[in-house]
file start-v5.cif (mmCIF, C-alpha atoms)
data_my_file
#
loop_
_atom_site.group_PDB
_atom_site.id
_atom_site.type_symbol
_atom_site.label_atom_id
_atom_site.label_comp_id
_atom_site.auth_asym_id
_atom_site.auth_seq_id
_atom_site.Cartn_x
_atom_site.Cartn_y
_atom_site.Cartn_z
ATOM 1 C CA MET A 5 0.000 0.000 0.000
ATOM 2 C CA ASN A 6 1.564 3.319 -1.067
ATOM 3 C CA ALA A 7 1.614 6.435 1.109
ATOM 4 C CA THR A 8 -1.292 8.099 -0.713
ATOM 5 C CA THR A 9 -3.513 5.028 -0.432
ATOM 6 C CA MET A 10 -2.606 4.609 3.244
ATOM 7 C CA GLN A 11 -3.516 8.238 3.938
ATOM 8 C CA GLN A 12 -6.842 7.791 2.149
ATOM 9 C CA LYS A 13 -7.520 4.660 4.214
ATOM 10 C CA THR A 14 -6.752 6.546 7.437
ATOM 11 C CA GLU A 15 -9.099 9.374 6.460
ATOM 12 C CA ALA A 16 -11.799 6.831 5.574
ATOM 13 C CA ARG A 17 -11.420 5.121 8.941
ATOM 14 C CA GLY A 18 -11.668 8.464 10.711
ATOM 15 C CA ARG A 19 -14.829 9.359 8.817
ATOM 16 C CA LEU A 20 -16.486 6.088 9.817
ATOM 17 C CA TYR A 21 -15.457 6.406 13.450
ATOM 18 C CA GLY A 22 -16.722 9.988 13.572
ATOM 19 C CA PHE A 23 -20.079 9.127 12.007
ATOM 20 C CA LEU A 24 -20.625 6.157 14.320
ATOM 21 C CA ALA A 25 -19.753 8.256 17.375
ATOM 22 C CA ASN A 26 -22.328 10.874 16.392
ATOM 23 C CA ALA A 27 -24.954 8.238 15.617
ATOM 24 C CA LEU A 28 -24.599 6.555 19.017
ATOM 25 C CA ARG A 29 -24.598 9.577 21.321
ATOM 26 C CA PHE A 30 -27.814 11.353 22.248
ATOM 27 C CA PRO A 31 -29.060 12.929 18.995
ATOM 28 C CA ASP A 32 -29.116 16.677 18.458
ATOM 29 C CA ARG A 33 -30.385 19.024 15.775
ATOM 30 C CA ASP A 34 -26.980 19.324 14.136
ATOM 31 C CA PHE A 35 -26.676 15.577 13.559
ATOM 32 C CA ALA A 36 -30.267 15.323 12.296
ATOM 33 C CA GLY A 37 -29.437 18.105 9.837
ATOM 34 C CA LYS A 38 -26.390 16.229 8.567
ATOM 35 C CA LEU A 39 -28.507 13.131 7.979
ATOM 36 C CA ALA A 40 -30.705 15.212 5.698
ATOM 37 C CA GLU A 41 -27.702 16.040 3.490
ATOM 38 C CA PRO A 42 -26.859 13.485 0.754
ATOM 39 C CA SER A 43 -23.203 14.537 1.033
ATOM 40 C CA THR A 44 -23.032 12.887 4.464
ATOM 41 C CA PHE A 45 -23.776 9.471 3.005
ATOM 42 C CA ASP A 46 -21.748 10.151 -0.139
ATOM 43 C CA GLY A 47 -18.749 10.587 2.169
ATOM 44 C CA LEU A 48 -19.543 7.288 3.892
ATOM 45 C CA ASP A 49 -19.803 5.587 0.493
ATOM 46 C CA ARG A 50 -16.301 6.792 -0.359
ATOM 47 C CA ALA A 51 -15.028 5.610 3.021
ATOM 48 C CA ALA A 52 -16.484 2.148 2.371
ATOM 49 C CA GLU A 53 -14.975 2.075 -1.121
ATOM 50 C CA ALA A 54 -11.523 2.686 0.385
ATOM 51 C CA HIS A 55 -11.925 -0.573 2.348
ATOM 52 C CA LEU A 56 -13.027 -2.681 -0.663
ATOM 53 C CA ASP A 57 -15.353 -4.726 1.552
ATOM 54 C CA PHE A 58 -18.830 -5.891 0.494
ATOM 55 C CA ASP A 59 -20.278 -6.137 4.031
ATOM 56 C CA LEU A 60 -19.160 -2.612 4.892
ATOM 57 C CA THR A 61 -20.591 -1.246 1.630
ATOM 58 C CA GLN A 62 -23.943 -2.918 2.320
ATOM 59 C CA ALA A 63 -23.952 -1.615 5.885
ATOM 60 C CA VAL A 64 -23.396 1.952 4.663
ATOM 61 C CA TYR A 65 -26.279 1.461 2.217
ATOM 62 C CA GLY A 66 -28.491 0.415 5.142
ATOM 63 C CA ALA A 67 -27.494 3.496 7.147
ATOM 64 C CA ARG A 68 -28.426 5.696 4.174
ATOM 65 C CA ARG A 69 -31.701 3.866 3.636
ATOM 66 C CA PHE A 70 -32.921 4.333 7.206
ATOM 67 C CA GLY A 71 -31.127 7.547 8.095
ATOM 68 C CA CYS A 72 -31.484 9.915 5.153
ATOM 69 C CA GLY A 73 -33.943 12.591 6.237
ATOM 70 C CA ILE A 74 -34.955 11.023 9.567
ATOM 71 C CA THR A 75 -36.310 13.623 11.987
ATOM 72 C CA LEU A 76 -34.767 14.604 15.302
ATOM 73 C CA LYS A 77 -37.943 13.486 17.079
ATOM 74 C CA ASP A 78 -37.650 10.007 15.561
ATOM 75 C CA LEU A 79 -33.927 9.831 16.403
ATOM 76 C CA GLU A 80 -34.678 10.678 20.032
ATOM 77 C CA ALA A 81 -37.451 8.065 20.197
ATOM 78 C CA LEU A 82 -35.164 5.373 18.808
ATOM 79 C CA HIS A 83 -32.428 6.370 21.253
ATOM 80 C CA PHE A 84 -34.689 6.040 24.290
ATOM 81 C CA LEU A 85 -36.144 2.738 23.099
ATOM 82 C CA ALA A 86 -32.698 1.211 22.702
ATOM 83 C CA PHE A 87 -30.713 2.819 25.499
ATOM 84 C CA GLY A 88 -33.408 3.838 27.987
ATOM 85 C CA HIS A 89 -33.122 6.549 30.611
ATOM 86 C CA SER A 90 -30.610 4.759 32.865
ATOM 87 C CA LEU A 91 -27.454 2.636 32.718
ATOM 88 C CA ARG A 92 -29.364 -0.544 31.955
ATOM 89 C CA GLY A 93 -31.654 -0.029 29.008
ATOM 90 C CA ALA A 94 -32.355 -2.763 26.486
ATOM 91 C CA VAL A 95 -28.937 -2.181 24.854
ATOM 92 C CA PRO A 96 -26.459 -0.767 27.392
ATOM 93 C CA PRO A 97 -23.963 1.507 25.587
ATOM 94 C CA TYR A 98 -21.298 1.039 28.276
ATOM 95 C CA GLU A 99 -18.349 -1.346 28.117
ATOM 96 C CA LEU A 100 -18.525 -2.220 31.803
ATOM 97 C CA GLU A 101 -22.032 -3.650 31.425
ATOM 98 C CA TYR A 102 -20.761 -6.485 29.204
ATOM 99 C CA GLY A 103 -19.238 -9.631 30.685
ATOM 100 C CA SER A 104 -18.713 -10.814 34.240
ATOM 101 C CA LYS A 105 -16.471 -8.656 36.403
ATOM 102 C CA ASP A 106 -16.102 -7.499 39.994
ATOM 103 C CA VAL A 107 -15.888 -3.977 41.352
ATOM 104 C CA PHE A 108 -12.080 -3.940 41.170
ATOM 105 C CA GLN A 109 -12.052 -5.001 37.523
ATOM 106 C CA MET A 110 -14.620 -2.336 36.714
ATOM 107 C CA SER A 111 -12.538 0.346 38.400
ATOM 108 C CA ASP A 112 -9.386 -0.829 36.621
ATOM 109 C CA GLN A 113 -11.137 -0.774 33.231
ATOM 110 C CA LEU A 114 -12.401 2.780 33.704
ATOM 111 C CA THR A 115 -8.978 3.914 34.867
ATOM 112 C CA ASP A 116 -7.354 2.334 31.805
ATOM 113 C CA VAL A 117 -9.820 3.995 29.435
ATOM 114 C CA GLY A 118 -9.201 7.328 31.142
ATOM 115 C CA ALA A 119 -5.447 6.882 30.787
ATOM 116 C CA PHE A 120 -5.811 6.332 27.031
ATOM 117 C CA TYR A 121 -7.941 9.462 26.688
ATOM 118 C CA GLY A 122 -5.630 11.596 28.794
ATOM 119 C CA ALA A 123 -2.523 10.506 26.886
ATOM 120 C CA PHE A 124 -3.947 12.032 23.712
ATOM 121 C CA GLY A 125 -5.646 15.072 25.215
ATOM 122 C CA MET A 126 -9.250 13.880 25.071
ATOM 123 C CA HIS A 127 -11.500 14.987 27.926
ATOM 124 C CA ILE A 128 -15.118 14.138 28.721
ATOM 125 C CA ASP A 129 -17.218 17.220 29.427
ATOM 126 C CA PRO A 130 -18.301 16.841 33.089
ATOM 127 C CA LEU A 131 -21.580 18.583 32.246
ATOM 128 C CA SER A 132 -22.480 15.678 29.957
ATOM 129 C CA HIS A 133 -22.655 13.337 32.994
ATOM 130 C CA GLU A 134 -21.410 10.555 30.736
ATOM 131 C CA ARG A 135 -19.111 7.705 31.647
ATOM 132 C CA LEU A 136 -15.775 7.164 29.939
ATOM 133 C CA ASP A 137 -16.770 3.703 28.719
ATOM 134 C CA HIS A 138 -19.718 4.911 26.608
ATOM 135 C CA ILE A 139 -19.555 3.509 23.071
ATOM 136 C CA ALA A 140 -19.702 7.008 21.529
ATOM 137 C CA ALA A 141 -16.752 8.207 23.620
ATOM 138 C CA GLN A 142 -14.659 5.195 22.619
ATOM 139 C CA LEU A 143 -15.490 5.708 18.945
ATOM 140 C CA GLU A 144 -14.647 9.396 19.222
ATOM 141 C CA PHE A 145 -11.297 8.468 20.756
ATOM 142 C CA MET A 146 -10.516 6.251 17.775
ATOM 143 C CA PHE A 147 -11.545 9.126 15.491
ATOM 144 C CA LEU A 148 -9.006 11.279 17.348
ATOM 145 C CA LEU A 149 -6.295 8.643 16.920
ATOM 146 C CA CYS A 150 -6.995 8.502 13.174
ATOM 147 C CA ALA A 151 -6.534 12.286 13.061
ATOM 148 C CA HIS A 152 -3.210 11.858 14.895
ATOM 149 C CA GLN A 153 -2.178 9.173 12.404
ATOM 150 C CA ALA A 154 -3.010 11.425 9.448
ATOM 151 C CA ALA A 155 -0.969 14.238 11.019
ATOM 152 C CA ALA A 156 1.963 11.895 11.697
ATOM 153 C CA ALA A 157 1.999 10.892 8.031
ATOM 154 C CA GLU A 158 2.656 14.543 7.128
ATOM 155 C CA GLU A 159 5.605 14.867 9.507
ATOM 156 C CA GLN A 160 9.177 14.419 8.344
ATOM 157 C CA GLY A 161 12.054 12.387 9.739
ATOM 158 C CA ALA A 162 12.422 10.402 12.936
ATOM 159 C CA GLU A 163 9.869 12.480 14.849
ATOM 160 C CA GLY A 164 7.140 11.629 12.357
ATOM 161 C CA LEU A 165 8.037 7.930 12.440
ATOM 162 C CA GLN A 166 7.946 7.908 16.241
ATOM 163 C CA HIS A 167 4.596 9.719 16.313
ATOM 164 C CA MET A 168 3.183 7.198 13.836
ATOM 165 C CA ALA A 169 4.448 4.239 15.872
ATOM 166 C CA VAL A 170 2.937 5.623 19.097
ATOM 167 C CA VAL A 171 -0.444 6.256 17.479
ATOM 168 C CA ARG A 172 -0.635 2.853 15.805
ATOM 169 C CA ASP A 173 0.323 1.129 19.031
ATOM 170 C CA ALA A 174 -2.378 3.046 20.930
ATOM 171 C CA GLN A 175 -4.998 2.143 18.337
ATOM 172 C CA ARG A 176 -4.177 -1.544 18.487
ATOM 173 C CA LYS A 177 -4.099 -1.689 22.276
ATOM 174 C CA PHE A 178 -7.348 0.270 22.663
ATOM 175 C CA VAL A 179 -9.180 -1.947 20.175
ATOM 176 C CA ARG A 180 -7.686 -5.076 21.762
ATOM 177 C CA ASP A 181 -8.450 -4.139 25.365
ATOM 178 C CA HIS A 182 -11.651 -2.132 24.980
ATOM 179 C CA LEU A 183 -13.589 -1.309 21.816
ATOM 180 C CA GLY A 184 -12.880 -4.553 19.978
ATOM 181 C CA ARG A 185 -13.524 -6.626 23.091
ATOM 182 C CA TRP A 186 -17.187 -5.641 23.418
ATOM 183 C CA GLY A 187 -18.100 -3.517 20.380
ATOM 184 C CA LEU A 188 -19.224 -6.399 18.151
ATOM 185 C CA ALA A 189 -21.485 -7.798 20.895
ATOM 186 C CA PHE A 190 -22.950 -4.324 21.379
ATOM 187 C CA GLY A 191 -23.522 -3.972 17.621
ATOM 188 C CA ARG A 192 -25.234 -7.366 17.421
ATOM 189 C CA ARG A 193 -27.469 -6.567 20.410
ATOM 190 C CA LEU A 194 -28.413 -3.231 18.841
ATOM 191 C CA GLN A 195 -29.296 -4.935 15.545
ATOM 192 C CA ALA A 196 -31.488 -7.483 17.320
ATOM 193 C CA HIS A 197 -33.314 -4.855 19.364
ATOM 194 C CA ALA A 198 -33.668 -2.143 16.719
ATOM 195 C CA SER A 199 -33.963 -4.146 13.487
ATOM 196 C CA ASP A 200 -35.325 -2.296 10.452
ATOM 197 C CA THR A 201 -34.538 1.102 11.987
ATOM 198 C CA PHE A 202 -31.701 3.602 11.723
ATOM 199 C CA LEU A 203 -30.082 2.377 14.957
ATOM 200 C CA GLY A 204 -30.306 -1.223 13.781
ATOM 201 C CA ALA A 205 -28.458 -0.182 10.633
ATOM 202 C CA ILE A 206 -25.865 1.588 12.774
ATOM 203 C CA GLY A 207 -25.358 -1.623 14.760
ATOM 204 C CA LYS A 208 -24.679 -3.480 11.529
ATOM 205 C CA LEU A 209 -22.301 -0.780 10.313
ATOM 206 C CA LEU A 210 -20.408 -0.872 13.610
ATOM 207 C CA GLU A 211 -20.060 -4.644 13.440
ATOM 208 C CA ALA A 212 -18.849 -4.657 9.825
ATOM 209 C CA PHE A 213 -16.352 -1.875 10.506
ATOM 210 C CA LEU A 214 -14.934 -3.370 13.708
ATOM 211 C CA VAL A 215 -14.356 -6.702 11.964
ATOM 212 C CA LEU A 216 -12.221 -4.847 9.416
ATOM 213 C CA GLU A 217 -10.412 -2.876 12.113
ATOM 214 C CA CYS A 218 -9.494 -6.055 13.950
ATOM 215 C CA ARG A 219 -8.249 -7.545 10.694
ATOM 216 C CA LEU A 220 -6.190 -4.415 9.962
ATOM 217 C CA MET A 221 -4.582 -4.641 13.399
ATOM 218 C CA THR A 222 -4.094 -8.433 13.238
ATOM 219 C CA LEU A 223 -6.423 -8.944 16.178
ATOM 220 C CA PRO A 224 -9.114 -11.607 16.602
ATOM 221 C CA PRO A 225 -12.569 -9.995 16.488
ATOM 222 C CA GLY A 226 -14.377 -9.865 19.809
ATOM 223 C CA PRO A 227 -17.274 -12.214 20.572
ATOM 224 C CA ALA A 228 -20.574 -11.667 18.785
ATOM 225 C CA PHE A 229 -22.403 -12.177 22.080
ATOM 226 C CA LEU A 230 -21.580 -11.227 25.658
ATOM 227 C CA GLU A 231 -23.804 -11.689 28.697
ATOM 228 C CA LEU A 232 -24.677 -8.486 30.480
ATOM 229 C CA ARG A 233 -23.150 -7.983 33.889
ATOM 230 C CA ALA A 234 -25.386 -9.250 36.679
ATOM 231 C CA THR A 235 -26.886 -6.605 38.981
ATOM 232 C CA GLY A 236 -28.597 -6.615 42.327
ATOM 233 C CA THR A 237 -26.083 -7.822 44.938
ATOM 234 C CA ALA A 238 -24.579 -5.450 47.491
ATOM 235 C CA GLU A 239 -21.186 -5.588 45.754
ATOM 236 C CA GLU A 240 -22.762 -4.863 42.379
ATOM 237 C CA LEU A 241 -24.686 -1.907 43.768
ATOM 238 C CA LEU A 242 -21.443 -0.513 45.154
ATOM 239 C CA ALA A 243 -19.837 -1.004 41.758
ATOM 240 C CA GLU A 244 -22.656 0.845 40.028
ATOM 241 C CA GLN A 245 -22.338 3.742 42.468
ATOM 242 C CA ALA A 246 -18.571 3.866 41.937
ATOM 243 C CA CYS A 247 -18.992 3.945 38.162
ATOM 244 C CA ALA A 248 -22.078 6.154 37.954
ATOM 245 C CA SER A 249 -20.036 9.341 37.433
ATOM 246 C CA PRO A 250 -17.227 9.929 34.966
ATOM 247 C CA VAL A 251 -13.756 9.130 36.273
ATOM 248 C CA PRO A 252 -11.491 12.212 35.913
ATOM 249 C CA VAL A 253 -9.294 11.823 32.862
ATOM 250 C CA PRO A 254 -5.578 12.053 33.740
ATOM 251 C CA GLY A 255 -4.419 15.582 32.971
ATOM 252 C CA SER A 256 -7.903 17.099 33.083
ATOM 253 C CA GLU A 257 -8.934 19.917 35.415
ATOM 254 C CA ASP A 258 -11.053 17.486 37.446
ATOM 255 C CA ALA A 259 -8.060 15.227 37.985
ATOM 256 C CA ALA A 260 -5.884 18.182 38.957
ATOM 257 C CA ASP A 261 -8.492 19.402 41.427
ATOM 258 C CA GLY A 262 -8.635 15.920 42.950
ATOM 259 C CA GLU A 263 -4.878 15.883 43.391
ATOM 260 C CA GLU A 264 -4.932 19.299 45.060
ATOM 261 C CA ASP A 265 -7.695 18.213 47.411
ATOM 262 C CA ALA A 266 -5.758 15.057 48.277
ATOM 263 C CA GLY A 267 -2.739 17.142 49.143
#

call {"tool": "encode", "arguments": {"input": "start-v5.cif", "output": "structure tokens"}}
result
Amino acid sequence: MNATTMQQKTEARGRLYGFLANALRFPDRDFAGKLAEPSTFDGLDRAAEAHLDFDLTQAVYGARRFGCGITLKDLEALHFLAFGHSLRGAVPPYELEYGSKDVFQMSDQLTDVGAFYGAFGMHIDPLSHERLDHIAAQLEFMFLLCAHQAAAAEEQGAEGLQHMAVVRDAQRKFVRDHLGRWGLAFGRRLQAHASDTFLGAIGKLLEAFLVLECRLMTLPPGPAFLELRATGTAEELLAEQACASPVPVPGSEDAADGEEDAG
């Protein structure tokens, strides 16, 4: 793959990550407006073409079919039906809700996600009251890493090569340890719950794209199904309380304030 083709592939990956992140956070008027513009889906078509993959191309077609011109009101209704008004809707959008784990594992996972974000300057707005392990936040982080990779490709000499190596390593580790571990199961669950809707199409697009990302990074794709974490015991309630609020991202103002208070 020559440098131009590699750069085009990186830009295509970033476009897909960015679109999926927007589609899976709470919808707003700006995103609904973009779905009304054919250019949005034309850009996704070009991103799929850069991957030369039939499943991804079909998934983009499905997103266009169900998403082009959908209203904000309908987007909000679909969001609440799938994700509910709490942590445990029909399709939890949080990594920690998938698979069996104890309170210490949950804390370690959130800390690790926060460390990835902080290393590349990504911060979660505390006013959003959103956890670090939300699917949209993880997709946005990968979008950011693709932007870093594109910038590294423009740099010259040893510094550019080092930047590229750091970014690629971060992408692979984050997909291996987080997004790729549970993202396919989330996508499958979303398809099953929201079939024949825009969010169902987004679940299919996420699955098709993550399979390709794992292949690109020579990683085995995550399981297509994961049990949801059990809830109800005293330990689990403590875990939910501990994880209910965003963990300060290393390097953020919240983290700095915490360190000052501790001192």

call {"tool": "closest_residue", "arguments": {"input": "start-v5.cif", "among": "A:Ala40, A:Val215, A:Ala228, A:Ala234", "to": "Asp59 in chain A", "atoms": "only C-alpha atoms"}}
result
A:Val215

call {"tool": "atom_distance", "arguments": {"input": "start-v5.cif", "atom1": "CA of Gln62 in chain A", "atom2": "CA of Lys77 in chain A"}}
result
26.1 Å

call {"tool": "atom_distance", "arguments": {"input": "start-v5.cif", "atom1": "CA of Leu136 in chain A", "atom2": "CA of Tyr98 in chain A"}}
result
8.4 Å

call {"tool": "resolve_selection", "arguments": {"input": "start-v5.cif", "expression": "the PyMOL selection byres ((chain A and resi 20-22) around 12)", "output": "ChimeraX atom specification"}}
result
/A:13-19,23-29,35,44-55,60-61,63-64,67,139-151,183,206,209-214,216-217

call {"tool": "residues_near_point", "arguments": {"input": "start-v5.cif", "point": "(-30.6, 15.7, 18.7)", "cutoff": "12 Å", "atoms": "all atoms listed in the file", "output": "list in words"}}
result
Asn26, Ala27, Leu28, Arg29, Phe30, Pro31, Asp32, Arg33, Asp34, Phe35, Ala36, Gly37, Lys38, Leu39, Ile74, Thr75, Leu76, Lys77, Asp78, Leu79, Glu80, Ala81, Leu82, His83 and Phe84 of chain A

call {"tool": "atom_distance", "arguments": {"input": "start-v5.cif", "atom1": "CA of Thr115 in chain A", "atom2": "CA of Ser132 in chain A"}}
result
18.6 Å

call {"tool": "axis_aligned_box", "arguments": {"input": "start-v5.cif", "around": "range 224-229 of chain A", "padding_each_side": "3 Å", "output": "lines of an AutoDock Vina configuration file"}}
result
center_x = -15.8
center_y = -11.0
center_z = 19.3
size_x = 19.3
size_y = 8.3
size_z = 11.6

call {"tool": "closest_residue", "arguments": {"input": "start-v5.cif", "among": "A:Ala196, A:Gly88, A:Gly184, A:Gln153", "to": "Ala169 in chain A", "atoms": "all atoms listed in the file"}}
result
A:Gln153

call {"tool": "closest_residue", "arguments": {"input": "start-v5.cif", "among": "A:Phe70, A:Tyr121, A:Phe190, A:Tyr65", "to": "Pro97 in chain A", "atoms": "all atoms listed in the file"}}
result
A:Phe190

call {"tool": "closest_residue", "arguments": {"input": "start-v5.cif", "among": "A:Asp200, A:Asp181, A:Glu134, A:Glu41", "to": "Leu223 in chain A", "atoms": "all atoms listed in the file"}}
result
A:Asp181

call {"tool": "residues_around", "arguments": {"input": "start-v5.cif", "residues": "Met168 in chain A", "least_positions_apart": "2", "cutoff": "6 Å", "atoms": "all atoms listed in the file", "output": "PDB file with C-alpha atoms, in the frame of the given file"}}
result
ATOM      1  CA  GLN A 153      -2.178   9.173  12.404  1.00  0.00           C
ATOM      2  CA  ALA A 156       1.963  11.895  11.697  1.00  0.00           C
ATOM      3  CA  LEU A 165       8.037   7.930  12.440  1.00  0.00           C
ATOM      4  CA  GLN A 166       7.946   7.908  16.241  1.00  0.00           C
ATOM      5  CA  VAL A 170       2.937   5.623  19.097  1.00  0.00           C
ATOM      6  CA  VAL A 171      -0.444   6.256  17.479  1.00  0.00           C
TER       7      VAL A 171
END

call {"tool": "closest_residue", "arguments": {"input": "start-v5.cif", "among": "A:Pro225, A:Glu163, A:Ala154, A:Gly207", "to": "Thr9 in chain A", "atoms": "only C-alpha atoms"}}
result
A:Ala154

call {"tool": "closest_residue", "arguments": {"input": "start-v5.cif", "among": "A:Gly204, A:Gly125, A:Gly226, A:Gly118", "to": "Leu85 in chain A", "atoms": "only C-alpha atoms"}}
result
A:Gly204

call {"tool": "resolve_selection", "arguments": {"input": "start-v5.cif", "expression": "the PyMOL selection byres ((chain A and resi 102) around 8)", "output": "mmCIF file with C-alpha atoms, in the coordinates of the input"}}
result
data_model
loop_
_atom_site.group_PDB
_atom_site.id
_atom_site.type_symbol
_atom_site.label_atom_id
_atom_site.label_comp_id
_atom_site.auth_asym_id
_atom_site.auth_seq_id
_atom_site.Cartn_x
_atom_site.Cartn_y
_atom_site.Cartn_z
ATOM 1 C CA TYR A 98 -21.298 1.039 28.276
ATOM 2 C CA GLU A 99 -18.349 -1.346 28.117
ATOM 3 C CA LEU A 100 -18.525 -2.220 31.803
ATOM 4 C CA GLU A 101 -22.032 -3.650 31.425
ATOM 5 C CA GLY A 103 -19.238 -9.631 30.685
ATOM 6 C CA SER A 104 -18.713 -10.814 34.240
ATOM 7 C CA TRP A 186 -17.187 -5.641 23.418
ATOM 8 C CA LEU A 230 -21.580 -11.227 25.658
ATOM 9 C CA GLU A 231 -23.804 -11.689 28.697
ATOM 10 C CA LEU A 232 -24.677 -8.486 30.480
ATOM 11 C CA ARG A 233 -23.150 -7.983 33.889
#

call {"tool": "decode", "arguments": {"input": "start-v5.cif", "residues": "range 221-228 of chain A", "atoms": "all heavy atoms", "output": "mmCIF file, in the first residue's frame"}}
result
data_model
loop_
_atom_site.group_PDB
_atom_site.id
_atom_site.type_symbol
_atom_site.label_atom_id
_atom_site.label_comp_id
_atom_site.auth_asym_id
_atom_site.auth_seq_id
_atom_site.Cartn_x
_atom_site.Cartn_y
_atom_site.Cartn_z
ATOM 1 N N MET A 221 -5.522 -4.657 12.284
ATOM 2 C CA MET A 221 -4.582 -4.641 13.399
ATOM 3 C C MET A 221 -4.124 -6.034 13.814
ATOM 4 O O MET A 221 -3.520 -6.203 14.869
ATOM 5 C CB MET A 221 -5.229 -3.919 14.589
ATOM 6 C CG MET A 221 -5.611 -2.482 14.282
ATOM 7 S SD MET A 221 -6.528 -1.707 15.628
ATOM 8 C CE MET A 221 -7.151 -0.239 14.792
ATOM 9 N N THR A 222 -4.433 -7.024 12.976
ATOM 10 C CA THR A 222 -4.094 -8.433 13.238
ATOM 11 C C THR A 222 -4.548 -8.869 14.629
ATOM 12 O O THR A 222 -3.783 -9.449 15.407
ATOM 13 C CB THR A 222 -2.579 -8.706 13.057
ATOM 14 O OG1 THR A 222 -1.832 -7.942 14.013
ATOM 15 C CG2 THR A 222 -2.132 -8.375 11.647
ATOM 16 N N LEU A 223 -5.808 -8.562 14.914
ATOM 17 C CA LEU A 223 -6.423 -8.944 16.178
ATOM 18 C C LEU A 223 -7.612 -9.861 15.902
ATOM 19 O O LEU A 223 -8.312 -9.673 14.900
ATOM 20 C CB LEU A 223 -6.930 -7.711 16.938
ATOM 21 C CG LEU A 223 -5.885 -6.730 17.456
ATOM 22 C CD1 LEU A 223 -6.567 -5.453 17.938
ATOM 23 C CD2 LEU A 223 -5.069 -7.348 18.583
ATOM 24 N N PRO A 224 -7.887 -10.819 16.761
ATOM 25 C CA PRO A 224 -9.114 -11.607 16.602
ATOM 26 C C PRO A 224 -10.315 -10.729 16.938
ATOM 27 O O PRO A 224 -10.269 -9.961 17.907
ATOM 28 C CB PRO A 224 -8.950 -12.736 17.627
ATOM 29 C CG PRO A 224 -8.039 -12.169 18.668
ATOM 30 C CD PRO A 224 -7.099 -11.252 17.936
ATOM 31 N N PRO A 225 -11.386 -10.790 16.150
ATOM 32 C CA PRO A 225 -12.569 -9.995 16.488
ATOM 33 C C PRO A 225 -13.157 -10.455 17.806
ATOM 34 O O PRO A 225 -13.064 -11.632 18.176
ATOM 35 C CB PRO A 225 -13.526 -10.256 15.322
ATOM 36 C CG PRO A 225 -13.072 -11.544 14.736
ATOM 37 C CD PRO A 225 -11.596 -11.614 14.957
ATOM 38 N N GLY A 226 -13.750 -9.522 18.537
ATOM 39 C CA GLY A 226 -14.377 -9.865 19.809
ATOM 40 C C GLY A 226 -15.583 -10.761 19.604
ATOM 41 O O GLY A 226 -16.042 -10.973 18.478
ATOM 42 N N PRO A 227 -16.123 -11.316 20.683
ATOM 43 C CA PRO A 227 -17.274 -12.214 20.572
ATOM 44 C C PRO A 227 -18.505 -11.496 20.046
ATOM 45 O O PRO A 227 -18.705 -10.306 20.303
ATOM 46 C CB PRO A 227 -17.481 -12.704 22.006
ATOM 47 C CG PRO A 227 -16.855 -11.654 22.861
ATOM 48 C CD PRO A 227 -15.693 -11.125 22.082
ATOM 49 N N ALA A 228 -19.330 -12.235 19.312
ATOM 50 C CA ALA A 228 -20.574 -11.667 18.785
ATOM 51 C C ALA A 228 -21.642 -11.558 19.866
ATOM 52 O O ALA A 228 -22.626 -10.840 19.693
ATOM 53 C CB ALA A 228 -21.097 -12.522 17.630
#
